[in-house]
Amino acid sequence: MDAPLNILCIQNDAIGPAGIVGERIYRRGGLLDEVMPHDGDALPVEHDRYDGVVVLGGTMDAFDDENYPQFWPLIRLLQGFHAAQKPILGVCLGAQLVARTFEKPVYRHHELELGFTEVEITEAGSATPLLSGFERRQWVMEWHQDTFDLPDRAELLITGARCRNQAFRIGQSVYAFQFHFEASKPIVRHWVKSQRDNLKRQHPYFLAQIERDFALHMGNQGKLARHISDAWLDLVEARAGRRELPKAG
């Protein structure tokens with residue numbers, strides 16, 4: 001019998017767990033090694049014992065190396081995963097750190113993108129296993145104030161009117177998503193509770209709108225999240241030699 005998949009999970013923030021991605025890993029019988037480098041957990045130096053890596057979101061800026069010195073060791077670790085062609089999945093801050101891994105800058109966006117936002121799956125995105133079969137227009141959960149330049153050789157998979165670079169792929173093994181497809185309602189409610197005073201002052205509309213938007217959009221985002229997670233895990237299994245590599249298109 002094959003050993004279970006062993007996925008490294010970089011949790012950058014205590015209130016930013018793997019959510020639906022983690023649920024799908026466990027459903028498949030995989031192991032999720034959760035590491036919180038900014039809370040004192042040691043980052044692995046090598047990728048050897050892992051089949052893939054998930055890098056999650058957080059409240060910090062991806063360009064703030066002074067206050068978050070673990071970013072550079074993490075970037076070097078991701079470079080090792082990529083060199084070994086082991087799958088990488090970045091989410092929000094994780095996507096920005098993936099962009100840095102490929103030597104592209106992260107910087108302040110002209111606006112905070114907050115709440116469910118309409119985005120569009122590109123033609124290239126529709127041809128990928130992680131996004132195939134979905135309507136091109138999607139509503140997804142956003143919570144970020146930074147953005148990044150698209151890495152060289154990257155395919156733009158999802159784009160938005162408010163923030164262009166919403167998801168990209170490099171080769172067959174690297175996927176990055178700016179929005180929080182992994183977040184369940186309890187996770188988002190926890191974020192809202194932790195930021196309630198700030199939201200009341202600066203974004204009062206959001207508190208009134210979020211529960212309504214859950215009813216409108218969370219069901220479909222959940223389907224998208226399960227599909228993305230399962231297709232990425234198919235890729236991890238393929239790279240580990242346990243199934244055929246998913247075909248594009």
# chains A, B, ... in the order shown; residues from 1 in each chain; ligands from 1
>>> residues_around(residues="stretch 238-240 of chain A", least_positions_apart="3", cutoff="12 Å", atoms="only C-alpha atoms", output="JSON, numbers by chain")
{"A": [2, 3, 4, 5, 6, 7, 48, 49, 50, 51, 52, 81, 82, 84, 85, 86, 87, 88, 172, 173, 231, 232, 233, 234, 235, 243, 244, 245, 246, 247]}
>>> write_last_selection(atoms="N, CA and C atoms", output="PDB file, in the first residue's frame")
ATOM      1  N   ASP A   2       0.498   2.238  -0.828  1.00  0.00           N
ATOM      2  CA  ASP A   2       1.253   3.487  -0.878  1.00  0.00           C
ATOM      3  C   ASP A   2       1.132   4.232   0.447  1.00  0.00           C
ATOM      4  N   ALA A   3       2.209   4.911   0.840  1.00  0.00           N
ATOM      5  CA  ALA A   3       2.150   5.785   2.007  1.00  0.00           C
ATOM      6  C   ALA A   3       1.222   6.957   1.701  1.00  0.00           C
ATOM      7  N   PRO A   4       0.571   7.535   2.713  1.00  0.00           N
ATOM      8  CA  PRO A   4      -0.311   8.690   2.461  1.00  0.00           C
ATOM      9  C   PRO A   4       0.483   9.883   1.960  1.00  0.00           C
ATOM     10  N   LEU A   5      -0.194  10.731   1.196  1.00  0.00           N
ATOM     11  CA  LEU A   5       0.428  11.984   0.787  1.00  0.00           C
ATOM     12  C   LEU A   5       0.826  12.777   2.026  1.00  0.00           C
ATOM     13  N   ASN A   6       1.975  13.414   1.962  1.00  0.00           N
ATOM     14  CA  ASN A   6       2.458  14.245   3.063  1.00  0.00           C
ATOM     15  C   ASN A   6       2.616  15.664   2.544  1.00  0.00           C
ATOM     16  N   ILE A   7       1.719  16.551   2.984  1.00  0.00           N
ATOM     17  CA  ILE A   7       1.668  17.922   2.487  1.00  0.00           C
ATOM     18  C   ILE A   7       2.151  18.870   3.571  1.00  0.00           C
ATOM     19  N   ASP A  48      12.406  17.202   1.143  1.00  0.00           N
ATOM     20  CA  ASP A  48      12.515  15.775   0.825  1.00  0.00           C
ATOM     21  C   ASP A  48      11.325  14.936   1.272  1.00  0.00           C
ATOM     22  N   ARG A  49      10.835  15.140   2.494  1.00  0.00           N
ATOM     23  CA  ARG A  49       9.800  14.239   3.013  1.00  0.00           C
ATOM     24  C   ARG A  49       8.388  14.635   2.597  1.00  0.00           C
ATOM     25  N   TYR A  50       8.262  15.694   1.806  1.00  0.00           N
ATOM     26  CA  TYR A  50       6.943  16.186   1.421  1.00  0.00           C
ATOM     27  C   TYR A  50       6.657  15.939  -0.055  1.00  0.00           C
ATOM     28  N   ASP A  51       5.352  15.760  -0.346  1.00  0.00           N
ATOM     29  CA  ASP A  51       4.903  15.585  -1.729  1.00  0.00           C
ATOM     30  C   ASP A  51       4.438  16.895  -2.355  1.00  0.00           C
ATOM     31  N   GLY A  52       4.133  17.882  -1.537  1.00  0.00           N
ATOM     32  CA  GLY A  52       3.679  19.183  -2.026  1.00  0.00           C
ATOM     33  C   GLY A  52       3.614  20.159  -0.874  1.00  0.00           C
ATOM     34  N   PHE A  81      11.154  23.239  -3.685  1.00  0.00           N
ATOM     35  CA  PHE A  81       9.994  22.472  -4.146  1.00  0.00           C
ATOM     36  C   PHE A  81       9.861  22.576  -5.660  1.00  0.00           C
ATOM     37  N   HIS A  82      10.006  23.797  -6.181  1.00  0.00           N
ATOM     38  CA  HIS A  82       9.851  23.990  -7.620  1.00  0.00           C
ATOM     39  C   HIS A  82      10.941  23.258  -8.398  1.00  0.00           C
ATOM     40  N   ALA A  84      12.369  20.608  -7.649  1.00  0.00           N
ATOM     41  CA  ALA A  84      12.057  19.174  -7.613  1.00  0.00           C
ATOM     42  C   ALA A  84      10.738  18.857  -8.305  1.00  0.00           C
ATOM     43  N   GLN A  85      10.089  19.861  -8.888  1.00  0.00           N
ATOM     44  CA  GLN A  85       8.809  19.718  -9.570  1.00  0.00           C
ATOM     45  C   GLN A  85       7.734  19.150  -8.655  1.00  0.00           C
ATOM     46  N   LYS A  86       7.808  19.551  -7.390  1.00  0.00           N
ATOM     47  CA  LYS A  86       6.764  19.172  -6.440  1.00  0.00           C
ATOM     48  C   LYS A  86       5.727  20.291  -6.387  1.00  0.00           C
ATOM     49  N   PRO A  87       4.433  19.955  -6.406  1.00  0.00           N
ATOM     50  CA  PRO A  87       3.391  20.974  -6.524  1.00  0.00           C
ATOM     51  C   PRO A  87       3.366  21.976  -5.375  1.00  0.00           C
ATOM     52  N   ILE A  88       3.121  23.228  -5.756  1.00  0.00           N
ATOM     53  CA  ILE A  88       3.009  24.364  -4.842  1.00  0.00           C
ATOM     54  C   ILE A  88       1.624  24.968  -5.027  1.00  0.00           C
ATOM     55  N   GLN A 172       3.401  23.024 -14.815  1.00  0.00           N
ATOM     56  CA  GLN A 172       2.325  22.141 -14.401  1.00  0.00           C
ATOM     57  C   GLN A 172       2.225  21.996 -12.891  1.00  0.00           C
ATOM     58  N   SER A 173       3.143  22.615 -12.138  1.00  0.00           N
ATOM     59  CA  SER A 173       3.236  22.303 -10.712  1.00  0.00           C
ATOM     60  C   SER A 173       2.966  23.467  -9.774  1.00  0.00           C
ATOM     61  N   ALA A 231      -8.351  18.739  -7.594  1.00  0.00           N
ATOM     62  CA  ALA A 231      -7.533  18.683  -8.805  1.00  0.00           C
ATOM     63  C   ALA A 231      -6.060  18.918  -8.484  1.00  0.00           C
ATOM     64  N   TRP A 232      -5.787  19.799  -7.508  1.00  0.00           N
ATOM     65  CA  TRP A 232      -4.391  20.006  -7.099  1.00  0.00           C
ATOM     66  C   TRP A 232      -3.841  18.737  -6.450  1.00  0.00           C
ATOM     67  N   LEU A 233      -4.647  18.066  -5.646  1.00  0.00           N
ATOM     68  CA  LEU A 233      -4.201  16.818  -5.019  1.00  0.00           C
ATOM     69  C   LEU A 233      -4.015  15.710  -6.060  1.00  0.00           C
ATOM     70  N   ASP A 234      -4.821  15.713  -7.123  1.00  0.00           N
ATOM     71  CA  ASP A 234      -4.569  14.793  -8.240  1.00  0.00           C
ATOM     72  C   ASP A 234      -3.172  15.030  -8.805  1.00  0.00           C
ATOM     73  N   LEU A 235      -2.821  16.304  -8.937  1.00  0.00           N
ATOM     74  CA  LEU A 235      -1.503  16.662  -9.448  1.00  0.00           C
ATOM     75  C   LEU A 235      -0.405  16.184  -8.498  1.00  0.00           C
ATOM     76  N   ARG A 243      -0.714   8.294  -9.922  1.00  0.00           N
ATOM     77  CA  ARG A 243      -1.761   8.345 -10.941  1.00  0.00           C
ATOM     78  C   ARG A 243      -1.197   9.051 -12.157  1.00  0.00           C
ATOM     79  N   GLU A 244      -1.930   8.976 -13.280  1.00  0.00           N
ATOM     80  CA  GLU A 244      -1.499   9.679 -14.480  1.00  0.00           C
ATOM     81  C   GLU A 244      -1.643  11.176 -14.276  1.00  0.00           C
ATOM     82  N   LEU A 245      -0.718  11.927 -14.871  1.00  0.00           N
ATOM     83  CA  LEU A 245      -0.754  13.381 -14.799  1.00  0.00           C
ATOM     84  C   LEU A 245      -2.031  13.886 -15.462  1.00  0.00           C
ATOM     85  N   PRO A 246      -2.815  14.752 -14.784  1.00  0.00           N
ATOM     86  CA  PRO A 246      -4.025  15.290 -15.420  1.00  0.00           C
ATOM     87  C   PRO A 246      -3.692  16.017 -16.707  1.00  0.00           C
ATOM     88  N   LYS A 247      -4.538  15.831 -17.703  1.00  0.00           N
ATOM     89  CA  LYS A 247      -4.338  16.473 -18.991  1.00  0.00           C
ATOM     90  C   LYS A 247      -4.959  17.867 -18.985  1.00  0.00           C
TER      91      LYS A 247
END
>>> select_by_dssp(residues="stretch 2-248 of chain A", states="alpha helix (DSSP H)", output="ChimeraX atom specification")
/A:19-27,71-83,93-101,123-126,185-194,196-202,204-213,219-239
>>> residues_around(residues="A:Ser126", least_positions_apart="4", cutoff="10 Å", atoms="only C-alpha atoms", output="ChimeraX atom specification")
/A:120-122,130-136,157-158,248-249
>>> closest_residue(among="A:Gly94, A:Pro151, A:Pro105, A:Gly171", to="A:Thr59", atoms="only C-alpha atoms")
A:Gly94
>>> closest_residue(among="A:Tyr26, A:Phe214, A:Trp143, A:Phe148", to="A:Pro186", atoms="only C-alpha atoms")
A:Phe214
>>> residues_around(residues="A:Val54", least_positions_apart="2", cutoff="12 Å", atoms="only C-alpha atoms", output="CSV table (one decimal) with all heavy atoms, in the first residue's frame")
chain,number,residue,atom,x,y,z
A,6,ASN,N,2.0,13.4,2.0
A,6,ASN,CA,2.5,14.2,3.1
A,6,ASN,C,2.6,15.7,2.5
A,6,ASN,O,3.5,16.0,1.7
A,6,ASN,CB,3.8,13.7,3.6
A,6,ASN,CG,4.2,14.4,4.9
A,6,ASN,OD1,3.4,15.0,5.6
A,6,ASN,ND2,5.4,14.2,5.3
A,7,ILE,N,1.7,16.6,3.0
A,7,ILE,CA,1.7,17.9,2.5
A,7,ILE,C,2.2,18.9,3.6
A,7,ILE,O,1.6,18.9,4.7
A,7,ILE,CB,0.2,18.3,2.1
A,7,ILE,CG1,-0.4,17.3,1.1
A,7,ILE,CG2,0.2,19.7,1.5
A,7,ILE,CD1,0.4,17.2,-0.2
A,8,LEU,N,3.1,19.7,3.2
A,8,LEU,CA,3.6,20.8,4.1
A,8,LEU,C,2.6,21.9,4.0
A,8,LEU,O,2.3,22.3,2.9
A,8,LEU,CB,5.0,21.2,3.8
A,8,LEU,CG,5.5,22.4,4.5
A,8,LEU,CD1,5.7,22.1,6.0
A,8,LEU,CD2,6.9,22.8,4.0
A,9,CYS,N,2.2,22.4,5.1
A,9,CYS,CA,1.2,23.6,5.1
A,9,CYS,C,1.9,24.7,5.9
A,9,CYS,O,2.1,24.6,7.1
A,9,CYS,CB,-0.1,23.2,5.8
A,9,CYS,SG,-1.3,24.6,5.9
A,10,ILE,N,2.2,25.8,5.2
A,10,ILE,CA,2.7,27.0,5.9
A,10,ILE,C,1.6,27.9,6.3
A,10,ILE,O,0.9,28.5,5.4
A,10,ILE,CB,3.7,27.8,4.9
A,10,ILE,CG1,4.8,26.8,4.4
A,10,ILE,CG2,4.3,29.0,5.7
A,10,ILE,CD1,5.7,26.2,5.5
A,11,GLN,N,1.3,27.9,7.6
A,11,GLN,CA,0.2,28.8,8.1
A,11,GLN,C,0.8,30.1,8.6
A,11,GLN,O,1.4,30.1,9.7
A,11,GLN,CB,-0.6,28.1,9.2
A,11,GLN,CG,-1.8,28.8,9.6
A,11,GLN,CD,-2.7,28.0,10.6
A,11,GLN,OE1,-2.7,26.8,10.5
A,11,GLN,NE2,-3.5,28.7,11.4
A,12,ASN,N,0.6,31.1,7.9
A,12,ASN,CA,1.2,32.4,8.2
A,12,ASN,C,0.5,33.2,9.3
A,12,ASN,O,1.1,34.1,9.9
A,12,ASN,CB,1.3,33.3,7.0
A,12,ASN,CG,2.4,32.8,6.0
A,12,ASN,OD1,3.6,32.8,6.3
A,12,ASN,ND2,2.0,32.4,4.8
A,17,PRO,N,-6.3,29.2,8.8
A,17,PRO,CA,-6.0,27.7,8.6
A,17,PRO,C,-6.3,27.3,7.2
A,17,PRO,O,-6.8,28.1,6.3
A,17,PRO,CB,-7.0,27.1,9.6
A,17,PRO,CG,-8.2,28.0,9.6
A,17,PRO,CD,-7.6,29.4,9.5
A,18,ALA,N,-6.0,26.0,6.9
A,18,ALA,CA,-6.1,25.5,5.5
A,18,ALA,C,-7.6,25.3,5.1
A,18,ALA,O,-7.8,25.2,3.9
A,18,ALA,CB,-5.4,24.2,5.4
A,19,GLY,N,-8.5,25.4,6.0
A,19,GLY,CA,-9.9,25.3,5.6
A,19,GLY,C,-10.3,24.2,4.7
A,19,GLY,O,-10.0,23.0,5.0
A,21,VAL,N,-9.2,23.3,1.8
A,21,VAL,CA,-8.0,22.6,1.3
A,21,VAL,C,-7.6,21.5,2.3
A,21,VAL,O,-7.4,20.4,1.9
A,21,VAL,CB,-6.8,23.5,1.0
A,21,VAL,CG1,-5.6,22.8,0.5
A,21,VAL,CG2,-7.2,24.6,0.0
A,22,GLY,N,-7.5,21.9,3.6
A,22,GLY,CA,-7.2,20.9,4.5
A,22,GLY,C,-8.2,19.7,4.6
A,22,GLY,O,-7.8,18.5,4.8
A,25,ILE,N,-7.6,17.3,1.9
A,25,ILE,CA,-6.4,16.5,2.1
A,25,ILE,C,-6.7,15.4,3.0
A,25,ILE,O,-6.4,14.2,2.8
A,25,ILE,CB,-5.3,17.4,2.6
A,25,ILE,CG1,-4.8,18.4,1.5
A,25,ILE,CG2,-4.1,16.5,3.1
A,25,ILE,CD1,-3.8,19.4,2.0
A,32,LEU,N,-1.2,16.4,6.8
A,32,LEU,CA,-1.0,17.9,6.7
A,32,LEU,C,-0.1,18.3,7.8
A,32,LEU,O,-0.5,18.3,9.0
A,32,LEU,CB,-2.4,18.6,6.7
A,32,LEU,CG,-2.4,20.1,6.4
A,32,LEU,CD1,-2.0,20.3,4.9
A,32,LEU,CD2,-3.7,20.7,6.7
A,33,ASP,N,1.1,18.6,7.5
A,33,ASP,CA,2.1,19.1,8.5
A,33,ASP,C,2.0,20.6,8.5
A,33,ASP,O,2.6,21.3,7.7
A,33,ASP,CB,3.5,18.6,8.1
A,33,ASP,CG,4.5,18.9,9.1
A,33,ASP,OD1,4.2,19.4,10.2
A,33,ASP,OD2,5.7,18.7,8.9
A,34,GLU,N,1.3,21.1,9.5
A,34,GLU,CA,1.1,22.5,9.7
A,34,GLU,C,2.2,23.2,10.4
A,34,GLU,O,2.5,22.9,11.6
A,34,GLU,CB,-0.3,22.8,10.3
A,34,GLU,CG,-1.4,22.3,9.5
A,34,GLU,CD,-2.7,22.2,10.3
A,34,GLU,OE1,-2.8,21.5,11.3
A,34,GLU,OE2,-3.7,22.9,9.8
A,35,VAL,N,2.9,24.2,9.8
A,35,VAL,CA,4.0,24.9,10.4
A,35,VAL,C,3.6,26.4,10.4
A,35,VAL,O,3.2,27.0,9.4
A,35,VAL,CB,5.3,24.7,9.6
A,35,VAL,CG1,6.4,25.5,10.1
A,35,VAL,CG2,5.6,23.2,9.6
A,50,TYR,N,8.3,15.7,1.8
A,50,TYR,CA,6.9,16.2,1.4
A,50,TYR,C,6.7,15.9,-0.1
A,50,TYR,O,7.6,16.0,-0.9
A,50,TYR,CB,6.8,17.7,1.7
A,50,TYR,CG,7.0,18.0,3.2
A,50,TYR,CD1,8.2,18.7,3.6
A,50,TYR,CD2,6.0,17.7,4.1
A,50,TYR,CE1,8.3,19.0,5.0
A,50,TYR,CE2,6.2,18.0,5.4
A,50,TYR,CZ,7.3,18.6,5.9
A,50,TYR,OH,7.5,18.9,7.2
A,51,ASP,N,5.4,15.8,-0.3
A,51,ASP,CA,4.9,15.6,-1.7
A,51,ASP,C,4.4,16.9,-2.4
A,51,ASP,O,4.3,17.0,-3.6
A,51,ASP,CB,3.8,14.6,-1.8
A,51,ASP,CG,4.2,13.2,-1.3
A,51,ASP,OD1,5.1,12.6,-1.8
A,51,ASP,OD2,3.6,12.7,-0.3
A,52,GLY,N,4.1,17.9,-1.5
A,52,GLY,CA,3.7,19.2,-2.0
A,52,GLY,C,3.6,20.2,-0.9
A,52,GLY,O,3.8,19.8,0.3
A,56,LEU,N,-0.4,29.6,3.0
A,56,LEU,CA,-1.7,30.3,3.3
A,56,LEU,C,-1.5,31.8,3.5
A,56,LEU,O,-0.4,32.3,3.4
A,56,LEU,CB,-2.3,29.6,4.5
A,56,LEU,CG,-2.7,28.1,4.3
A,56,LEU,CD1,-3.1,27.5,5.6
A,56,LEU,CD2,-3.8,27.9,3.3
A,57,GLY,N,-2.6,32.4,3.8
A,57,GLY,CA,-2.7,33.9,3.9
A,57,GLY,C,-2.3,34.3,5.3
A,57,GLY,O,-2.0,33.6,6.2
A,74,LEU,N,11.5,30.8,3.7
A,74,LEU,CA,10.4,30.2,3.1
A,74,LEU,C,10.5,30.3,1.5
A,74,LEU,O,10.2,29.3,0.8
A,74,LEU,CB,9.1,30.9,3.5
A,74,LEU,CG,7.8,30.5,2.8
A,74,LEU,CD1,7.6,29.0,2.9
A,74,LEU,CD2,6.6,31.3,3.4
A,77,LEU,N,12.8,27.7,0.4
A,77,LEU,CA,12.2,26.4,0.5
A,77,LEU,C,11.3,26.2,-0.7
A,77,LEU,O,11.3,25.1,-1.3
A,77,LEU,CB,11.4,26.3,1.8
A,77,LEU,CG,10.7,25.0,2.0
A,77,LEU,CD1,11.6,23.8,2.1
A,77,LEU,CD2,9.8,25.1,3.3
A,78,LEU,N,10.5,27.2,-1.1
A,78,LEU,CA,9.6,27.1,-2.3
A,78,LEU,C,10.4,26.9,-3.5
A,78,LEU,O,10.0,26.1,-4.4
A,78,LEU,CB,8.7,28.3,-2.4
A,78,LEU,CG,7.7,28.5,-1.3
A,78,LEU,CD1,6.9,29.8,-1.5
A,78,LEU,CD2,6.8,27.3,-1.1
A,81,PHE,N,11.2,23.2,-3.7
A,81,PHE,CA,10.0,22.5,-4.1
A,81,PHE,C,9.9,22.6,-5.7
A,81,PHE,O,9.6,21.6,-6.4
A,81,PHE,CB,8.7,23.0,-3.5
A,81,PHE,CG,8.4,22.3,-2.2
A,81,PHE,CD1,8.9,22.8,-1.0
A,81,PHE,CD2,7.6,21.2,-2.1
A,81,PHE,CE1,8.6,22.2,0.2
A,81,PHE,CE2,7.3,20.6,-0.9
A,81,PHE,CZ,7.7,21.1,0.3
A,86,LYS,N,7.8,19.6,-7.4
A,86,LYS,CA,6.8,19.2,-6.4
A,86,LYS,C,5.7,20.3,-6.4
A,86,LYS,O,6.1,21.5,-6.3
A,86,LYS,CB,7.4,18.9,-5.1
A,86,LYS,CG,8.2,17.7,-5.0
A,86,LYS,CD,8.8,17.5,-3.6
A,86,LYS,CE,9.6,16.2,-3.5
A,86,LYS,NZ,10.1,16.0,-2.1
A,87,PRO,N,4.4,20.0,-6.4
A,87,PRO,CA,3.4,21.0,-6.5
A,87,PRO,C,3.4,22.0,-5.4
A,87,PRO,O,3.5,21.6,-4.2
A,87,PRO,CB,2.1,20.1,-6.6
A,87,PRO,CG,2.5,18.8,-7.2
A,87,PRO,CD,3.9,18.6,-6.6
A,88,ILE,N,3.1,23.2,-5.8
A,88,ILE,CA,3.0,24.4,-4.8
A,88,ILE,C,1.6,25.0,-5.0
A,88,ILE,O,1.2,25.1,-6.2
A,88,ILE,CB,4.1,25.4,-5.1
A,88,ILE,CG1,5.5,24.9,-4.9
A,88,ILE,CG2,3.8,26.7,-4.3
A,88,ILE,CD1,6.6,25.8,-5.4
A,89,LEU,N,1.0,25.3,-3.9
A,89,LEU,CA,-0.3,26.0,-3.9
A,89,LEU,C,-0.3,27.2,-3.0
A,89,LEU,O,-0.1,27.0,-1.8
A,89,LEU,CB,-1.5,25.0,-3.5
A,89,LEU,CG,-2.9,25.6,-3.5
A,89,LEU,CD1,-3.3,26.0,-4.9
A,89,LEU,CD2,-3.9,24.6,-2.9
A,90,GLY,N,-0.4,28.4,-3.6
A,90,GLY,CA,-0.3,29.6,-2.8
A,90,GLY,C,-1.7,30.3,-2.7
A,90,GLY,O,-2.4,30.3,-3.7
A,91,VAL,N,-2.0,30.8,-1.5
A,91,VAL,CA,-3.3,31.4,-1.3
A,91,VAL,C,-3.1,32.8,-0.7
A,91,VAL,O,-2.5,32.9,0.4
A,91,VAL,CB,-4.3,30.6,-0.4
A,91,VAL,CG1,-5.6,31.3,-0.2
A,91,VAL,CG2,-4.5,29.2,-1.0
A,92,CYS,N,-3.6,33.8,-1.3
A,92,CYS,CA,-3.6,35.2,-0.8
A,92,CYS,C,-2.1,35.6,-0.5
A,92,CYS,O,-1.3,35.8,-1.5
A,92,CYS,CB,-4.5,35.4,0.4
A,92,CYS,SG,-4.8,37.2,0.6
A,93,LEU,N,-1.7,35.8,0.7
A,93,LEU,CA,-0.3,36.1,1.0
A,93,LEU,C,0.6,35.1,0.4
A,93,LEU,O,1.7,35.3,-0.1
A,93,LEU,CB,-0.1,36.2,2.5
A,93,LEU,CG,1.3,36.3,3.0
A,93,LEU,CD1,1.9,37.7,2.7
A,93,LEU,CD2,1.4,36.1,4.5
A,94,GLY,N,0.1,33.8,0.5
A,94,GLY,CA,0.9,32.7,-0.1
A,94,GLY,C,1.1,32.9,-1.6
A,94,GLY,O,2.2,32.6,-2.1
A,95,ALA,N,0.1,33.4,-2.3
A,95,ALA,CA,0.3,33.7,-3.8
A,95,ALA,C,1.3,34.8,-4.0
A,95,ALA,O,2.1,34.7,-4.9
A,95,ALA,CB,-1.1,34.1,-4.4
A,97,LEU,N,3.8,35.5,-2.0
A,97,LEU,CA,5.1,34.9,-1.7
A,97,LEU,C,5.6,34.0,-2.9
A,97,LEU,O,6.8,33.9,-3.2
A,97,LEU,CB,5.1,34.1,-0.4
A,97,LEU,CG,5.0,35.0,0.8
A,97,LEU,CD1,4.6,34.2,2.0
A,97,LEU,CD2,6.2,35.8,1.1
A,98,VAL,N,4.6,33.3,-3.6
A,98,VAL,CA,5.0,32.6,-4.8
A,98,VAL,C,5.5,33.5,-5.8
A,98,VAL,O,6.5,33.2,-6.5
A,98,VAL,CB,3.8,31.8,-5.3
A,98,VAL,CG1,4.1,31.1,-6.6
A,98,VAL,CG2,3.5,30.6,-4.3
A,173,SER,N,3.1,22.6,-12.1
A,173,SER,CA,3.2,22.3,-10.7
A,173,SER,C,3.0,23.5,-9.8
A,173,SER,O,2.8,23.2,-8.6
A,173,SER,CB,4.6,21.7,-10.4
A,173,SER,OG,4.9,20.5,-11.1
A,174,VAL,N,3.0,24.7,-10.3
A,174,VAL,CA,2.8,25.9,-9.4
A,174,VAL,C,1.5,26.6,-9.7
A,174,VAL,O,1.3,27.0,-10.8
A,174,VAL,CB,4.0,26.9,-9.6
A,174,VAL,CG1,3.8,28.1,-8.7
A,174,VAL,CG2,5.3,26.2,-9.3
A,175,TYR,N,0.7,26.7,-8.6
A,175,TYR,CA,-0.6,27.4,-8.7
A,175,TYR,C,-0.7,28.4,-7.6
A,175,TYR,O,-0.3,28.1,-6.5
A,175,TYR,CB,-1.8,26.5,-8.6
A,175,TYR,CG,-2.1,25.7,-9.9
A,175,TYR,CD1,-1.4,24.5,-10.2
A,175,TYR,CD2,-3.0,26.1,-10.8
A,175,TYR,CE1,-1.7,23.8,-11.3
A,175,TYR,CE2,-3.3,25.4,-12.0
A,175,TYR,CZ,-2.6,24.2,-12.2
A,175,TYR,OH,-2.9,23.5,-13.4
A,176,ALA,N,-1.2,29.6,-7.9
A,176,ALA,CA,-1.3,30.7,-6.9
A,176,ALA,C,-2.6,31.4,-7.1
A,176,ALA,O,-3.0,31.7,-8.2
A,176,ALA,CB,-0.1,31.6,-7.0
A,177,PHE,N,-3.4,31.6,-6.0
A,177,PHE,CA,-4.7,32.3,-6.0
A,177,PHE,C,-4.7,33.4,-5.0
A,177,PHE,O,-4.4,33.3,-3.8
A,177,PHE,CB,-5.8,31.3,-5.6
A,177,PHE,CG,-6.0,30.2,-6.6
A,177,PHE,CD1,-5.1,29.0,-6.5
A,177,PHE,CD2,-6.9,30.2,-7.5
A,177,PHE,CE1,-5.3,28.0,-7.4
A,177,PHE,CE2,-7.1,29.2,-8.5
A,177,PHE,CZ,-6.3,28.1,-8.4
A,182,GLU,N,-10.3,28.9,0.0
A,182,GLU,CA,-10.2,27.9,1.0
A,182,GLU,C,-11.1,28.2,2.2
A,182,GLU,O,-11.3,27.4,3.1
A,182,GLU,CB,-8.7,27.8,1.5
A,182,GLU,CG,-8.3,28.7,2.6
A,182,GLU,CD,-8.2,30.2,2.3
A,182,GLU,OE1,-8.5,30.6,1.1
A,182,GLU,OE2,-7.9,31.0,3.2
A,229,SER,N,-9.1,22.1,-4.9
A,229,SER,CA,-8.3,21.3,-4.0
A,229,SER,C,-8.1,19.9,-4.5
A,229,SER,O,-7.0,19.3,-4.4
A,229,SER,CB,-9.0,21.3,-2.6
A,229,SER,OG,-9.1,22.6,-2.1
A,232,TRP,N,-5.8,19.8,-7.5
A,232,TRP,CA,-4.4,20.0,-7.1
A,232,TRP,C,-3.8,18.7,-6.4
A,232,TRP,O,-2.7,18.3,-6.7
A,232,TRP,CB,-4.3,21.2,-6.1
A,232,TRP,CG,-2.9,21.5,-5.8
A,232,TRP,CD1,-1.9,22.2,-6.5
A,232,TRP,CD2,-2.2,21.2,-4.6
A,232,TRP,NE1,-0.7,22.3,-5.9
A,232,TRP,CE2,-0.9,21.7,-4.6
A,232,TRP,CE3,-2.6,20.5,-3.4
A,232,TRP,CZ2,0.1,21.5,-3.6
A,232,TRP,CZ3,-1.7,20.4,-2.4
A,232,TRP,CH2,-0.4,20.9,-2.5
A,233,LEU,N,-4.6,18.1,-5.6
A,233,LEU,CA,-4.2,16.8,-5.0
A,233,LEU,C,-4.0,15.7,-6.1
A,233,LEU,O,-3.1,14.9,-5.9
A,233,LEU,CB,-5.2,16.4,-3.9
A,233,LEU,CG,-5.2,17.2,-2.7
A,233,LEU,CD1,-6.3,16.9,-1.8
A,233,LEU,CD2,-3.8,17.0,-1.9
A,236,VAL,N,-0.6,16.4,-7.2
A,236,VAL,CA,0.4,15.9,-6.2
A,236,VAL,C,0.5,14.4,-6.3
A,236,VAL,O,1.7,13.9,-6.3
A,236,VAL,CB,-0.1,16.3,-4.8
A,236,VAL,CG1,0.9,15.7,-3.8
A,236,VAL,CG2,-0.1,17.8,-4.6
>>> closest_residue(among="A:Val119, A:Gly219, A:Trp191, A:Leu150", to="A:Phe179", atoms="only C-alpha atoms")
A:Val119
>>> select_by_dssp(residues="stretch 159-219 of chain A", states="strand (DSSP E or B)", output="PyMOL selection string")
chain A and resi 159-160+167-170+174-177
>>> atom_distance(atom1="atom CA of A:His144", atom2="atom CA of A:His38")
18.8 Å
>>> residues_around(residues="A:Gln221", least_positions_apart="3", cutoff="8 Å", atoms="only C-alpha atoms", output="CSV table (one decimal) with C-alpha atoms, in the first residue's frame")
chain,number,residue,atom,x,y,z
A,138,GLN,CA,-17.3,33.7,-10.4
A,139,TRP,CA,-17.8,35.5,-7.1
A,140,VAL,CA,-15.0,34.8,-4.7
A,181,PHE,CA,-11.2,30.1,-2.0
A,217,HIS,CA,-22.1,33.1,-3.1
A,218,MET,CA,-20.6,30.8,-0.5
A,224,LEU,CA,-15.0,25.8,-6.6
A,225,ALA,CA,-12.8,25.3,-3.6
>>> closest_residue(among="A:Glu23, A:Thr101, A:Arg169, A:Pro129", to="A:Ser184", atoms="only C-alpha atoms")
A:Glu23
>>> closest_residue(among="A:Gly16, A:Gly80, A:Gly29, A:His227", to="A:Glu46", atoms="only C-alpha atoms")
A:Gly80
>>> residues_around(residues="A:Thr159", least_positions_apart="3", cutoff="10 Å", atoms="only C-alpha atoms", output="PyMOL selection string")
chain A and resi 118-122+125+137+156+162-168+178
